[in-house]
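K.L.:
Coordinates in start29.cif, mmCIF, C-alpha atoms, are listed below.
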```cif
data_input
loop_
_atom_site.group_PDB
_atom_site.id
_atom_site.type_symbol
_atom_site.label_atom_id
_atom_site.label_comp_id
_atom_site.auth_asym_id
_atom_site.auth_seq_id
_atom_site.Cartn_x
_atom_site.Cartn_y
_atom_site.Cartn_z
ATOM 1 C CA LYS A 1 -10.614 9.902 22.152
ATOM 2 C CA ALA A 2 -7.004 8.943 22.848
ATOM 3 C CA GLY A 3 -5.382 6.606 20.355
ATOM 4 C CA VAL A 4 -3.455 3.417 20.927
ATOM 5 C CA THR A 5 -0.386 4.029 23.039
ATOM 6 C CA GLN A 6 2.715 1.902 23.190
ATOM 7 C CA THR A 7 5.570 2.030 25.647
ATOM 8 C CA PRO A 8 8.433 2.310 25.438
ATOM 9 C CA ARG A 9 8.867 3.855 22.006
ATOM 10 C CA TYR A 10 12.495 2.792 21.702
ATOM 11 C CA LEU A 11 14.430 0.015 23.342
ATOM 12 C CA ILE A 12 17.947 -1.355 23.057
ATOM 13 C CA LYS A 13 18.728 -4.815 24.387
ATOM 14 C CA THR A 14 21.493 -7.363 23.992
ATOM 15 C CA ARG A 15 21.255 -10.925 22.789
ATOM 16 C CA GLY A 16 19.947 -13.346 25.379
ATOM 17 C CA GLN A 17 18.005 -10.748 27.321
ATOM 18 C CA GLN A 18 14.262 -10.594 27.510
ATOM 19 C CA VAL A 19 11.957 -7.659 26.875
ATOM 20 C CA THR A 20 8.403 -6.661 27.698
ATOM 21 C CA LEU A 21 6.442 -4.211 25.565
ATOM 22 C CA SER A 22 3.201 -2.582 26.605
ATOM 23 C CA CYS A 23 0.099 -1.524 24.681
ATOM 24 C CA SER A 24 -2.904 0.454 25.863
ATOM 25 C CA PRO A 25 -5.849 0.157 23.471
ATOM 26 C CA ILE A 26 -8.414 2.783 22.633
ATOM 27 C CA SER A 27 -10.991 3.045 25.395
ATOM 28 C CA GLY A 28 -13.761 0.506 24.828
ATOM 29 C CA HIS A 29 -11.723 -1.709 22.520
ATOM 30 C CA ARG A 30 -11.413 -5.257 23.791
ATOM 31 C CA SER A 31 -9.207 -6.771 21.114
ATOM 32 C CA VAL A 32 -5.466 -6.179 20.949
ATOM 33 C CA SER A 33 -3.285 -7.568 18.175
ATOM 34 C CA TRP A 34 0.486 -7.483 17.862
ATOM 35 C CA TYR A 35 2.528 -7.270 14.672
ATOM 36 C CA GLN A 36 6.232 -7.349 13.889
ATOM 37 C CA GLN A 37 7.618 -5.207 11.075
ATOM 38 C CA THR A 38 11.061 -5.780 9.592
ATOM 39 C CA PRO A 39 12.563 -4.601 6.291
ATOM 40 C CA GLY A 40 12.934 -8.174 5.078
ATOM 41 C CA GLN A 41 9.639 -9.757 6.143
ATOM 42 C CA GLY A 42 7.359 -6.735 6.210
ATOM 43 C CA LEU A 43 4.418 -6.676 8.600
ATOM 44 C CA GLN A 44 3.665 -10.020 10.208
ATOM 45 C CA PHE A 45 0.916 -10.949 12.639
ATOM 46 C CA LEU A 46 2.104 -12.203 16.018
ATOM 47 C CA PHE A 47 -1.056 -12.805 18.055
ATOM 48 C CA GLU A 48 -4.378 -11.388 19.139
ATOM 49 C CA TYR A 49 -5.939 -11.157 22.575
ATOM 50 C CA PHE A 50 -9.590 -10.664 23.347
ATOM 51 C CA SER A 51 -11.118 -10.768 26.819
ATOM 52 C CA GLU A 52 -7.785 -11.822 28.293
ATOM 53 C CA THR A 53 -7.554 -14.888 26.030
ATOM 54 C CA GLN A 54 -5.323 -15.468 23.037
ATOM 55 C CA ARG A 55 -7.666 -15.925 20.067
ATOM 56 C CA ASN A 56 -5.276 -16.064 17.111
ATOM 57 C CA LYS A 57 -1.599 -16.797 16.792
ATOM 58 C CA GLY A 58 0.853 -16.200 13.985
ATOM 59 C CA ASN A 59 3.817 -18.302 12.977
ATOM 60 C CA PHE A 60 6.377 -17.202 15.552
ATOM 61 C CA PRO A 61 8.448 -19.259 18.006
ATOM 62 C CA GLY A 62 7.379 -19.733 21.596
ATOM 63 C CA ARG A 63 9.881 -17.077 22.706
ATOM 64 C CA PHE A 64 7.183 -14.603 21.731
ATOM 65 C CA SER A 65 4.332 -14.492 24.185
ATOM 66 C CA GLY A 66 1.722 -12.079 25.366
ATOM 67 C CA ARG A 67 -1.076 -11.460 27.770
ATOM 68 C CA GLN A 68 -4.024 -9.182 28.237
ATOM 69 C CA PHE A 69 -5.309 -7.691 31.446
ATOM 70 C CA SER A 70 -8.893 -7.122 32.551
ATOM 71 C CA ASN A 71 -8.686 -3.481 31.460
ATOM 72 C CA SER A 72 -7.739 -4.689 27.944
ATOM 73 C CA ARG A 73 -4.169 -3.443 28.211
ATOM 74 C CA SER A 74 -1.752 -5.913 26.717
ATOM 75 C CA GLU A 75 1.889 -6.820 27.045
ATOM 76 C CA MET A 76 4.082 -8.871 24.797
ATOM 77 C CA ASN A 77 7.254 -10.548 25.941
ATOM 78 C CA VAL A 78 10.204 -11.800 23.946
ATOM 79 C CA SER A 79 12.623 -14.044 25.789
ATOM 80 C CA THR A 80 16.187 -14.960 24.849
ATOM 81 C CA LEU A 81 16.474 -12.165 22.339
ATOM 82 C CA GLU A 82 18.168 -12.805 19.007
ATOM 83 C CA LEU A 83 19.623 -10.270 16.568
ATOM 84 C CA GLY A 84 16.766 -11.054 14.179
ATOM 85 C CA ASP A 85 14.230 -9.829 16.714
ATOM 86 C CA SER A 86 15.259 -6.263 15.958
ATOM 87 C CA ALA A 87 12.089 -4.779 14.538
ATOM 88 C CA LEU A 88 9.247 -2.350 14.954
ATOM 89 C CA TYR A 89 6.574 -3.947 17.113
ATOM 90 C CA LEU A 90 3.100 -2.610 16.460
ATOM 91 C CA CYS A 91 -0.006 -3.000 18.512
ATOM 92 C CA ALA A 92 -3.523 -2.582 17.122
ATOM 93 C CA SER A 93 -6.864 -2.454 18.885
ATOM 94 C CA SER A 94 -10.434 -2.894 17.733
ATOM 95 C CA PHE A 95 -13.956 -3.487 18.997
ATOM 96 C CA ARG A 96 -13.836 -7.056 17.651
ATOM 97 C CA THR A 97 -17.216 -7.865 16.210
ATOM 98 C CA GLU A 98 -18.173 -10.792 14.018
ATOM 99 C CA ILE A 99 -18.182 -8.562 10.978
ATOM 100 C CA THR A 100 -14.704 -7.467 10.024
ATOM 101 C CA ASP A 101 -13.848 -4.237 11.749
ATOM 102 C CA THR A 102 -11.218 -1.544 11.680
ATOM 103 C CA GLN A 103 -7.952 -1.966 13.508
ATOM 104 C CA TYR A 104 -6.296 1.094 14.990
ATOM 105 C CA PHE A 105 -2.530 0.960 15.246
ATOM 106 C CA GLY A 106 -0.212 2.537 17.741
ATOM 107 C CA PRO A 107 3.080 4.219 16.795
ATOM 108 C CA GLY A 108 5.079 1.107 17.612
ATOM 109 C CA THR A 109 8.061 0.202 19.762
ATOM 110 C CA ARG A 110 11.394 0.130 17.953
ATOM 111 C CA LEU A 111 13.455 -2.725 19.428
ATOM 112 C CA THR A 112 17.144 -2.987 18.640
ATOM 113 C CA VAL A 113 18.999 -6.123 19.700
ATOM 114 C CA LEU A 114 22.789 -5.823 19.855
ATOM 115 C CA ASP B 115 -5.276 -16.483 3.287
ATOM 116 C CA ALA B 116 -6.147 -15.141 -0.113
ATOM 117 C CA LYS B 117 -3.312 -13.226 -1.749
ATOM 118 C CA THR B 118 -3.223 -9.776 -3.264
ATOM 119 C CA THR B 119 -0.832 -8.366 -5.851
ATOM 120 C CA GLN B 120 0.130 -4.710 -5.964
ATOM 121 C CA PRO B 121 2.775 -2.740 -7.851
ATOM 122 C CA ASN B 122 5.856 -2.129 -5.731
ATOM 123 C CA SER B 123 5.825 1.621 -6.294
ATOM 124 C CA MET B 124 3.920 4.427 -7.964
ATOM 125 C CA GLU B 125 4.539 8.109 -8.401
ATOM 126 C CA SER B 126 2.147 10.981 -8.873
ATOM 127 C CA ASN B 127 1.980 14.732 -8.654
ATOM 128 C CA GLU B 128 0.394 16.839 -5.976
ATOM 129 C CA GLU B 129 -3.258 17.747 -6.554
ATOM 130 C CA GLU B 130 -3.691 15.057 -9.201
ATOM 131 C CA PRO B 131 -5.803 11.892 -8.817
ATOM 132 C CA VAL B 132 -4.049 8.646 -7.988
ATOM 133 C CA HIS B 133 -5.312 5.187 -8.876
ATOM 134 C CA LEU B 134 -3.710 2.368 -6.880
ATOM 135 C CA PRO B 135 -4.512 -1.071 -8.317
ATOM 136 C CA CYS B 136 -4.810 -4.383 -6.497
ATOM 137 C CA ASN B 137 -5.325 -7.833 -7.991
ATOM 138 C CA HIS B 138 -6.967 -10.566 -5.930
ATOM 139 C CA SER B 139 -7.938 -13.299 -8.357
ATOM 140 C CA THR B 140 -8.473 -15.933 -5.625
ATOM 141 C CA ILE B 141 -10.869 -13.820 -3.570
ATOM 142 C CA SER B 142 -13.706 -15.735 -1.948
ATOM 143 C CA GLY B 143 -17.303 -14.630 -1.782
ATOM 144 C CA THR B 144 -17.033 -13.569 1.853
ATOM 145 C CA ASP B 145 -13.711 -11.709 1.638
ATOM 146 C CA TYR B 146 -13.843 -7.998 2.287
ATOM 147 C CA ILE B 147 -11.292 -5.801 0.526
ATOM 148 C CA HIS B 148 -9.493 -3.514 2.968
ATOM 149 C CA TRP B 149 -6.963 -0.791 2.370
ATOM 150 C CA TYR B 150 -4.548 0.467 4.984
ATOM 151 C CA ARG B 151 -1.686 2.859 4.561
ATOM 152 C CA GLN B 152 1.467 3.479 6.543
ATOM 153 C CA LEU B 153 2.903 6.950 6.622
ATOM 154 C CA PRO B 154 6.633 7.292 7.349
ATOM 155 C CA SER B 155 7.518 6.514 10.963
ATOM 156 C CA GLN B 156 3.911 5.682 11.877
ATOM 157 C CA GLY B 157 1.765 2.618 12.360
ATOM 158 C CA PRO B 158 -0.652 1.629 9.599
ATOM 159 C CA GLU B 159 -3.967 3.438 9.416
ATOM 160 C CA TYR B 160 -7.271 2.325 7.967
ATOM 161 C CA VAL B 161 -8.296 3.902 4.681
ATOM 162 C CA ILE B 162 -11.391 2.154 3.374
ATOM 163 C CA HIS B 163 -13.006 -1.220 2.834
ATOM 164 C CA GLY B 164 -15.732 -2.785 0.719
ATOM 165 C CA LEU B 165 -17.336 -6.058 -0.301
ATOM 166 C CA THR B 166 -19.004 -5.699 -3.692
ATOM 167 C CA SER B 167 -20.114 -2.126 -4.289
ATOM 168 C CA ASN B 168 -17.914 0.884 -4.783
ATOM 169 C CA VAL B 169 -17.328 2.829 -1.567
ATOM 170 C CA ASN B 170 -16.497 6.433 -0.782
ATOM 171 C CA ASN B 171 -15.311 8.102 2.383
ATOM 172 C CA ARG B 172 -13.551 11.330 3.266
ATOM 173 C CA MET B 173 -10.129 9.846 2.539
ATOM 174 C CA ALA B 174 -10.621 7.919 -0.681
ATOM 175 C CA SER B 175 -12.840 5.885 -2.987
ATOM 176 C CA LEU B 176 -12.710 2.162 -3.583
ATOM 177 C CA ALA B 177 -13.722 0.833 -6.975
ATOM 178 C CA ILE B 178 -14.343 -2.922 -7.056
ATOM 179 C CA ALA B 179 -14.466 -4.842 -10.320
ATOM 180 C CA GLU B 180 -17.698 -6.652 -11.121
ATOM 181 C CA ASP B 181 -16.015 -10.070 -10.793
ATOM 182 C CA ARG B 182 -14.239 -8.847 -7.608
ATOM 183 C CA LYS B 183 -10.888 -10.104 -8.877
ATOM 184 C CA SER B 184 -9.413 -6.622 -8.721
ATOM 185 C CA SER B 185 -9.981 -3.292 -7.059
ATOM 186 C CA THR B 186 -8.621 0.243 -7.238
ATOM 187 C CA LEU B 187 -8.056 2.723 -4.458
ATOM 188 C CA ILE B 188 -8.621 6.250 -5.704
ATOM 189 C CA LEU B 189 -7.170 9.320 -4.051
ATOM 190 C CA HIS B 190 -9.034 12.123 -5.758
ATOM 191 C CA ARG B 191 -6.553 14.904 -5.159
ATOM 192 C CA ALA B 192 -3.229 13.731 -3.776
ATOM 193 C CA THR B 193 -1.342 15.828 -1.273
ATOM 194 C CA LEU B 194 2.209 15.429 -0.001
ATOM 195 C CA ARG B 195 0.744 13.894 3.141
ATOM 196 C CA ASP B 196 -0.586 10.989 1.066
ATOM 197 C CA ALA B 197 2.951 9.728 0.461
ATOM 198 C CA ALA B 198 2.891 6.328 2.155
ATOM 199 C CA VAL B 199 2.914 2.589 1.624
ATOM 200 C CA TYR B 200 -0.585 1.414 0.700
ATOM 201 C CA TYR B 201 -1.664 -2.115 1.544
ATOM 202 C CA CYS B 202 -4.561 -3.988 -0.059
ATOM 203 C CA ILE B 203 -5.746 -6.758 2.283
ATOM 204 C CA LEU B 204 -8.462 -9.389 2.027
ATOM 205 C CA ARG B 205 -10.316 -10.203 5.213
ATOM 206 C CA ASP B 206 -13.061 -12.711 5.809
ATOM 207 C CA LYS B 207 -15.636 -11.956 8.463
ATOM 208 C CA GLY B 208 -15.835 -13.970 11.592
ATOM 209 C CA TRP B 209 -13.979 -14.591 14.803
ATOM 210 C CA GLY B 210 -11.007 -16.292 13.192
ATOM 211 C CA ALA B 211 -10.333 -13.530 10.711
ATOM 212 C CA GLN B 212 -9.135 -10.741 12.949
ATOM 213 C CA LYS B 213 -5.539 -10.741 11.788
ATOM 214 C CA LEU B 214 -4.419 -8.566 8.920
ATOM 215 C CA VAL B 215 -2.191 -10.306 6.386
ATOM 216 C CA PHE B 216 -0.022 -7.597 4.863
ATOM 217 C CA GLY B 217 1.721 -7.973 1.522
ATOM 218 C CA GLN B 218 4.553 -5.717 0.383
ATOM 219 C CA GLY B 219 2.176 -2.910 -0.557
ATOM 220 C CA THR B 220 2.651 -0.042 -2.987
ATOM 221 C CA ARG B 221 4.990 2.773 -2.044
ATOM 222 C CA LEU B 222 3.361 5.968 -3.293
ATOM 223 C CA THR B 223 5.553 8.998 -3.925
ATOM 224 C CA ILE B 224 3.921 12.393 -4.407
ATOM 225 C CA ASN B 225 5.872 15.057 -6.254
ATOM 226 C CA PRO B 226 5.271 18.730 -5.338
#
```
Show this structure as structure tokens.
P.N.:
Amino acid sequence: KAGVTQTPRYLIKTRGQQVTLSCSPISGHRSVSWYQQTPGQGLQFLFEYFSETQRNKGNFPGRFSGRQFSNSRSEMNVSTLELGDSALYLCASSFRTEITDTQYFGPGTRLTVL
Amino acid sequence: DAKTTQPNSMESNEEEPVHLPCNHSTISGTDYIHWYRQLPSQGPEYVIHGLTSNVNNRMASLAIAEDRKSSTLILHRATLRDAAVYYCILRDKGWGAQKLVFGQGTRLTINP
């Protein structure tokens, strides 16, 4: 079974631009979560989508948004990029049951903001 | 979210057992104890989880204290590939508990 894929793997943008990252979950998984990883803050939860609806949201500004399509693929968008948005953005998918379940992470997209 | 405390780093030798501790004194009765690890240049990967009883799988064992205020991840025979940052995470069950709250984790170094 193919794992979680994320595109692109690397991205360089300048301040003020916007960026869209893509995540394809494992086949059959309906939940997609996004995380930001930086050396200073570690791994932080951004948001989770399930059945095309945002179910959970972390403590990030409104510049960070996302969506999920009917095939469970997800995109996250960051508008008006700031230098501090430079990070590894990780996507994770799961079956999403009421009992806590395993999340499977992709390799991440490394975003550099200049 | 209930907090966990782990040592910042640990070091061990190849082919020896490794015991990674985690303190979670404020754990609630419905919190599951999860362990994930992140190998260099990769996303985190699931290792093991448990609620009250000790658990074993092909990767590791999880020993949970009787009062559940601490747990230990056991790698029975460490290899160089086990060098990673290990995260101990508490997760409640239910629809609102999908997110993983990562701490700083323990950076495990394996010496050849």
K.L.:
(-2.2, -5.5, 18.4) in this file's frame - what residues fall within 12 Å of it? Use all atoms listed in the file and give the answer as an MDAnalysis selection string.
P.N.:
(chainID A and resid 4:6 21:26 29:36 43:50 54:58 66:68 72:76 89:96 102:109) or (chainID B and resid 157:158 212:214)
K.L.:
Could you work out how far CA of Ser86 in chain A lies from CA of Thr38 in chain A, giving the answer in Å with one decimal?
P.N.:
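A separation of 7.6 Å between them.
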K.L.:
Kindly provide, as an mmCIF file with C-alpha atoms, keeping the file's coordinate frame, the residues of chain B having any atom no farther than 12 Å from an atom of chain A, counting only C-alpha atoms.
P.N.:
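File produced: out_17.cif:
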```cif
data_model
loop_
_atom_site.group_PDB
_atom_site.id
_atom_site.type_symbol
_atom_site.label_atom_id
_atom_site.label_comp_id
_atom_site.auth_asym_id
_atom_site.auth_seq_id
_atom_site.Cartn_x
_atom_site.Cartn_y
_atom_site.Cartn_z
ATOM 1 C CA THR B 144 -17.033 -13.569 1.853
ATOM 2 C CA ASP B 145 -13.711 -11.709 1.638
ATOM 3 C CA TYR B 146 -13.843 -7.998 2.287
ATOM 4 C CA ILE B 147 -11.292 -5.801 0.526
ATOM 5 C CA HIS B 148 -9.493 -3.514 2.968
ATOM 6 C CA TRP B 149 -6.963 -0.791 2.370
ATOM 7 C CA TYR B 150 -4.548 0.467 4.984
ATOM 8 C CA ARG B 151 -1.686 2.859 4.561
ATOM 9 C CA GLN B 152 1.467 3.479 6.543
ATOM 10 C CA LEU B 153 2.903 6.950 6.622
ATOM 11 C CA PRO B 154 6.633 7.292 7.349
ATOM 12 C CA SER B 155 7.518 6.514 10.963
ATOM 13 C CA GLN B 156 3.911 5.682 11.877
ATOM 14 C CA GLY B 157 1.765 2.618 12.360
ATOM 15 C CA PRO B 158 -0.652 1.629 9.599
ATOM 16 C CA GLU B 159 -3.967 3.438 9.416
ATOM 17 C CA TYR B 160 -7.271 2.325 7.967
ATOM 18 C CA VAL B 161 -8.296 3.902 4.681
ATOM 19 C CA ILE B 162 -11.391 2.154 3.374
ATOM 20 C CA HIS B 163 -13.006 -1.220 2.834
ATOM 21 C CA GLY B 164 -15.732 -2.785 0.719
ATOM 22 C CA LEU B 165 -17.336 -6.058 -0.301
ATOM 23 C CA VAL B 199 2.914 2.589 1.624
ATOM 24 C CA TYR B 201 -1.664 -2.115 1.544
ATOM 25 C CA ILE B 203 -5.746 -6.758 2.283
ATOM 26 C CA LEU B 204 -8.462 -9.389 2.027
ATOM 27 C CA ARG B 205 -10.316 -10.203 5.213
ATOM 28 C CA ASP B 206 -13.061 -12.711 5.809
ATOM 29 C CA LYS B 207 -15.636 -11.956 8.463
ATOM 30 C CA GLY B 208 -15.835 -13.970 11.592
ATOM 31 C CA TRP B 209 -13.979 -14.591 14.803
ATOM 32 C CA GLY B 210 -11.007 -16.292 13.192
ATOM 33 C CA ALA B 211 -10.333 -13.530 10.711
ATOM 34 C CA GLN B 212 -9.135 -10.741 12.949
ATOM 35 C CA LYS B 213 -5.539 -10.741 11.788
ATOM 36 C CA LEU B 214 -4.419 -8.566 8.920
ATOM 37 C CA VAL B 215 -2.191 -10.306 6.386
ATOM 38 C CA PHE B 216 -0.022 -7.597 4.863
ATOM 39 C CA GLY B 217 1.721 -7.973 1.522
ATOM 40 C CA GLN B 218 4.553 -5.717 0.383
ATOM 41 C CA GLY B 219 2.176 -2.910 -0.557
#
```
K.L.:
Residues within 8 Å of Leu187 in chain B, please, as an MDAnalysis selection string. Count only C-alpha atoms; anything in the same chain fewer than 2 positions from it doesn't count.
P.N.:
chainID B and resid 132:135 149 174:177 185 189
K.L.:
Please, which residues are within 7 Å of (-6.4, -12.7, -9.9) by the file's coordinates, counting only C-alpha atoms, and could they come as a list of chain:residue names?
P.N.:
B:Asn137, B:His138, B:Ser139, B:Thr140, B:Lys183, B:Ser184
K.L.:
Name the residues that the PyMOL selection byres ((chain A and resi 111) around 7) picks from the file above, as a list in words, using the file's chain letters and numbers.
P.N.:
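So the PyMOL selection byres ((chain A and resi 111) around 7), applied here, picks out Tyr10, Leu11, Ile12, Ser86, Ala87, Leu88, Thr109, Arg110, Thr112 and Val113 of chain A.
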K.L.:
Using C-alpha atoms, can you export the residues from the last selection as a PDB file, in the frame of the given file?
P.N.:
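Wrote part38.pdb, looks like this:
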```pdb
ATOM      1  CA  TYR A  10      12.495   2.792  21.702  1.00  0.00           C
ATOM      2  CA  LEU A  11      14.430   0.015  23.342  1.00  0.00           C
ATOM      3  CA  ILE A  12      17.947  -1.355  23.057  1.00  0.00           C
ATOM      4  CA  SER A  86      15.259  -6.263  15.958  1.00  0.00           C
ATOM      5  CA  ALA A  87      12.089  -4.779  14.538  1.00  0.00           C
ATOM      6  CA  LEU A  88       9.247  -2.350  14.954  1.00  0.00           C
ATOM      7  CA  THR A 109       8.061   0.202  19.762  1.00  0.00           C
ATOM      8  CA  ARG A 110      11.394   0.130  17.953  1.00  0.00           C
ATOM      9  CA  THR A 112      17.144  -2.987  18.640  1.00  0.00           C
ATOM     10  CA  VAL A 113      18.999  -6.123  19.700  1.00  0.00           C
TER      11      VAL A 113
END
```
K.L.:
Could you jot down the CA of Asn168 in chain B to CA of Ser123 in chain B separation for me, Å, one decimal place?
P.N.:
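Value for the CA of Asn168 in chain B-CA of Ser123 in chain B distance: 23.8 Å.
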K.L.:
Distance CA of Met124 in chain B-CA of Thr186 in chain B, one decimal place?
P.N.:
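Between CA of Met124 in chain B and CA of Thr186 in chain B the gap works out to 13.2 Å.
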